[in-house]
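To keep things clear, I will list the structure first and then write my remarks on it.
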Amino acid sequence: MADQLPISLLIVDDHPVVRDGLRGMFATAPDFAVLGEAADGPTGVELAERLAPDVVLMDLRMPGGGGVAAIRELVRRRLRSKVLVLTTYDTDSDTLPAIEAGATGYLLKDTPRDELFAAVRAAAEGRTVLSPAVATRLVSRVREPVGEALSTRERQVLGLVARGSSNREIAAELFISEATVKTHLAHLYTKLGVNDRAAAVATGYERGILG
């Protein structure tokens, strides 16, 4: 164990105080090495490609570019780094898109130091790590009964959204107006309890509405 290489980290967070705190925290443990820091998602992606850290600690809501888009880009580029989300947000509209995008784990910033260290080690090994609050929320979300069933047309719209179609493309495919597409989206968001397309697709798969 003495000659084992430390787990390398990249910290992506828009708050300098948070970055400094995390860097100082990991400096107290010899089996971690912080390679760099970024204040937004796009910079984090470029640094991850250049530094190839074992784990990227990723915040979600950042003015210069959010975490979910950065996670998608890291996956698209097939980078080896595992992403461990570390944020203050645990709502469905945050957790579902992040996990769907490819995050290995999801923790809240009030996670105790030892638990954070254990989570980083687990993430470096490719194991999924979820904070208790997030795990409970996801399990409840999967188990809860679907409120009002989606109509046939809403299912068609959701299916096309899952394929990556734009509102204009959906309108052309279904021979309806873009305004009608937006209305169907608003209705299915309400029925699924989500706020955006990514969360709607993730929820659609989880509840068996999609494939």
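Chain labels follow the order of the structure tokens: the first chain is A, the next B, and so on; residue numbering restarts at 1 in every chain, and ligands are counted from 1 in their shown order.
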Within 10 Å of Asp92 in chain A, counting only C-alpha atoms, which residues show up once you throw out same-chain ones fewer than 6 positions away? Write them as a PDB file with N, CA and C atoms, in the first residue's frame, please.
```pdb
ATOM      1  N   ALA A  98     -28.136  14.792 -13.724  1.00  0.00           N
ATOM      2  CA  ALA A  98     -26.710  14.560 -13.465  1.00  0.00           C
ATOM      3  C   ALA A  98     -26.372  13.079 -13.561  1.00  0.00           C
ATOM      4  N   VAL A 134     -30.149  11.702  -1.267  1.00  0.00           N
ATOM      5  CA  VAL A 134     -30.361  11.526  -2.704  1.00  0.00           C
ATOM      6  C   VAL A 134     -30.827  10.105  -3.011  1.00  0.00           C
ATOM      7  N   ARG A 137     -34.423   9.779  -2.134  1.00  0.00           N
ATOM      8  CA  ARG A 137     -35.253  10.495  -3.109  1.00  0.00           C
ATOM      9  C   ARG A 137     -35.401   9.689  -4.403  1.00  0.00           C
ATOM     10  N   LEU A 138     -34.304   9.108  -4.883  1.00  0.00           N
ATOM     11  CA  LEU A 138     -34.358   8.352  -6.132  1.00  0.00           C
ATOM     12  C   LEU A 138     -35.197   7.081  -5.982  1.00  0.00           C
ATOM     13  N   ARG A 141     -38.726   8.037  -5.863  1.00  0.00           N
ATOM     14  CA  ARG A 141     -39.169   8.490  -7.181  1.00  0.00           C
ATOM     15  C   ARG A 141     -39.494   7.295  -8.078  1.00  0.00           C
ATOM     16  N   GLY A 193     -43.785  15.455 -12.879  1.00  0.00           N
ATOM     17  CA  GLY A 193     -43.198  16.176 -11.762  1.00  0.00           C
ATOM     18  C   GLY A 193     -41.789  16.652 -12.030  1.00  0.00           C
ATOM     19  N   VAL A 194     -41.511  17.065 -13.269  1.00  0.00           N
ATOM     20  CA  VAL A 194     -40.166  17.521 -13.640  1.00  0.00           C
ATOM     21  C   VAL A 194     -40.241  18.922 -14.235  1.00  0.00           C
ATOM     22  N   ASN A 195     -39.047  19.491 -14.490  1.00  0.00           N
ATOM     23  CA  ASN A 195     -39.000  20.863 -14.988  1.00  0.00           C
ATOM     24  C   ASN A 195     -38.308  21.030 -16.337  1.00  0.00           C
ATOM     25  N   ALA A 199     -34.777  15.761 -17.465  1.00  0.00           N
ATOM     26  CA  ALA A 199     -35.408  15.090 -16.325  1.00  0.00           C
ATOM     27  C   ALA A 199     -36.628  14.295 -16.776  1.00  0.00           C
ATOM     28  N   THR A 203     -36.934  10.341 -16.141  1.00  0.00           N
ATOM     29  CA  THR A 203     -38.094   9.831 -15.407  1.00  0.00           C
ATOM     30  C   THR A 203     -38.899   8.858 -16.280  1.00  0.00           C
TER      31      THR A 203
END
```
Item to check | Residue neighbourhood Ile7 in chain A, 8 Å, only C-alpha atoms, exclusion window fewer than 2 positions, as an MDAnalysis selection string | outcome: chainID A and resid 5 9 31:33 53:55 121 124
Checklist entry - Taking the backbone alone, and naming residues the way the document does, which bits of range 82-113 of chain A are strand (DSSP E or B) by DSSP, as a ChimeraX atom specification? => result /A:82-87,105-108
Next on the checklist: Applying 10 Å and only C-alpha atoms, which residues near Glu169 in chain A remain after dropping the ones on its own chain fewer than 6 positions away? List them as a list of chain:residue names.
Outcome noted: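 That gives A:Leu160, A:Val161, A:Phe175, A:Glu178, A:Val181.
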Kindly save the residues from that selection, with N, CA and C atoms included, as an mmCIF file, in the first residue's frame.
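Everything below was put into selection.cif:
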```cif
data_model
loop_
_atom_site.group_PDB
_atom_site.id
_atom_site.type_symbol
_atom_site.label_atom_id
_atom_site.label_comp_id
_atom_site.auth_asym_id
_atom_site.auth_seq_id
_atom_site.Cartn_x
_atom_site.Cartn_y
_atom_site.Cartn_z
ATOM 1 N N LEU A 160 -40.014 11.239 -28.788
ATOM 2 C CA LEU A 160 -39.212 12.022 -29.741
ATOM 3 C C LEU A 160 -38.199 12.897 -29.014
ATOM 4 N N VAL A 161 -38.583 13.408 -27.843
ATOM 5 C CA VAL A 161 -37.637 14.168 -27.030
ATOM 6 C C VAL A 161 -36.458 13.269 -26.648
ATOM 7 N N PHE A 175 -47.049 16.300 -37.328
ATOM 8 C CA PHE A 175 -47.973 17.159 -38.093
ATOM 9 C C PHE A 175 -48.813 18.048 -37.183
ATOM 10 N N GLU A 178 -45.654 23.962 -33.445
ATOM 11 C CA GLU A 178 -44.679 24.014 -32.355
ATOM 12 C C GLU A 178 -45.350 24.441 -31.048
ATOM 13 N N VAL A 181 -46.764 21.451 -29.513
ATOM 14 C CA VAL A 181 -45.685 20.649 -28.916
ATOM 15 C C VAL A 181 -45.352 21.191 -27.528
#
```
Mind dumping a table of every range 102-168 of chain A residue within 12 Å of range 63-87 of chain A, with the nearest atom pair and its distance in Å to one decimal, using only C-alpha atoms, sorted by chain and rising number, as JSON lines?
```
{"residue": "A:Gly102", "atom": "CA", "partner": "A:Ile71", "partner_atom": "CA", "distance": 6.4}
{"residue": "A:Ala103", "atom": "CA", "partner": "A:Val83", "partner_atom": "CA", "distance": 5.0}
{"residue": "A:Thr104", "atom": "CA", "partner": "A:Val83", "partner_atom": "CA", "distance": 5.4}
{"residue": "A:Gly105", "atom": "CA", "partner": "A:Leu84", "partner_atom": "CA", "distance": 4.7}
{"residue": "A:Tyr106", "atom": "CA", "partner": "A:Val85", "partner_atom": "CA", "distance": 4.6}
{"residue": "A:Leu107", "atom": "CA", "partner": "A:Leu86", "partner_atom": "CA", "distance": 4.9}
{"residue": "A:Leu108", "atom": "CA", "partner": "A:Thr87", "partner_atom": "CA", "distance": 5.0}
{"residue": "A:Lys109", "atom": "CA", "partner": "A:Thr87", "partner_atom": "CA", "distance": 5.4}
{"residue": "A:Asp110", "atom": "CA", "partner": "A:Thr87", "partner_atom": "CA", "distance": 8.8}
{"residue": "A:Thr111", "atom": "CA", "partner": "A:Leu86", "partner_atom": "CA", "distance": 8.9}
{"residue": "A:Leu116", "atom": "CA", "partner": "A:Leu86", "partner_atom": "CA", "distance": 9.3}
{"residue": "A:Phe117", "atom": "CA", "partner": "A:Leu84", "partner_atom": "CA", "distance": 11.4}
{"residue": "A:Ala118", "atom": "CA", "partner": "A:Leu84", "partner_atom": "CA", "distance": 11.7}
{"residue": "A:Ala119", "atom": "CA", "partner": "A:Leu84", "partner_atom": "CA", "distance": 8.2}
{"residue": "A:Val120", "atom": "CA", "partner": "A:Leu84", "partner_atom": "CA", "distance": 7.3}
{"residue": "A:Arg121", "atom": "CA", "partner": "A:Leu84", "partner_atom": "CA", "distance": 10.5}
{"residue": "A:Ala122", "atom": "CA", "partner": "A:Leu84", "partner_atom": "CA", "distance": 9.9}
{"residue": "A:Ala123", "atom": "CA", "partner": "A:Lys82", "partner_atom": "CA", "distance": 6.3}
{"residue": "A:Ala124", "atom": "CA", "partner": "A:Lys82", "partner_atom": "CA", "distance": 6.3}
{"residue": "A:Glu125", "atom": "CA", "partner": "A:Lys82", "partner_atom": "CA", "distance": 8.6}
{"residue": "A:Gly126", "atom": "CA", "partner": "A:Lys82", "partner_atom": "CA", "distance": 6.9}
{"residue": "A:Arg127", "atom": "CA", "partner": "A:Lys82", "partner_atom": "CA", "distance": 9.5}
{"residue": "A:Thr128", "atom": "CA", "partner": "A:Leu84", "partner_atom": "CA", "distance": 9.0}
{"residue": "A:Val129", "atom": "CA", "partner": "A:Leu84", "partner_atom": "CA", "distance": 8.0}
{"residue": "A:Leu130", "atom": "CA", "partner": "A:Leu84", "partner_atom": "CA", "distance": 9.3}
{"residue": "A:Ser131", "atom": "CA", "partner": "A:Leu86", "partner_atom": "CA", "distance": 9.8}
{"residue": "A:Val134", "atom": "CA", "partner": "A:Thr87", "partner_atom": "CA", "distance": 11.3}
```
Next on the checklist: To one decimal place in Å, what is the distance between CA of Ile176 in chain A and CA of Ser151 in chain A?
Outcome noted: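 CA of Ile176 in chain A sits 15.5 Å away from CA of Ser151 in chain A.
Proximity ranking of A:Ala38, A:Pro112, A:Ala202, A:Leu188 relative to Thr95 in chain A places A:Ala202 first, based on only C-alpha atoms.
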Item to check | Gly24 in chain A environment, 12 Å, only C-alpha atoms, sequence neighbours closer than 6 positions dropped, as a PyMOL selection string | outcome: chain A and resi 11+17-18+30+32-34+113
Next on the checklist: I'd like to know which residues of range 4-200 of chain A are helix (DSSP H, G or I) (by DSSP, run on the backbone); could you write them as a PyMOL selection string?
Outcome noted: chain A and resi 16-27+41-51+67-76+92-101+113-124+132-143+152-162+167-174+178-192+197-200
Item to check | Between CA of Arg153 in chain A and CA of His184 in chain A - distance in Å to one decimal | outcome: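 Straight-line distance from CA of His184 in chain A to CA of Arg153 in chain A works out to 7.7 Å.
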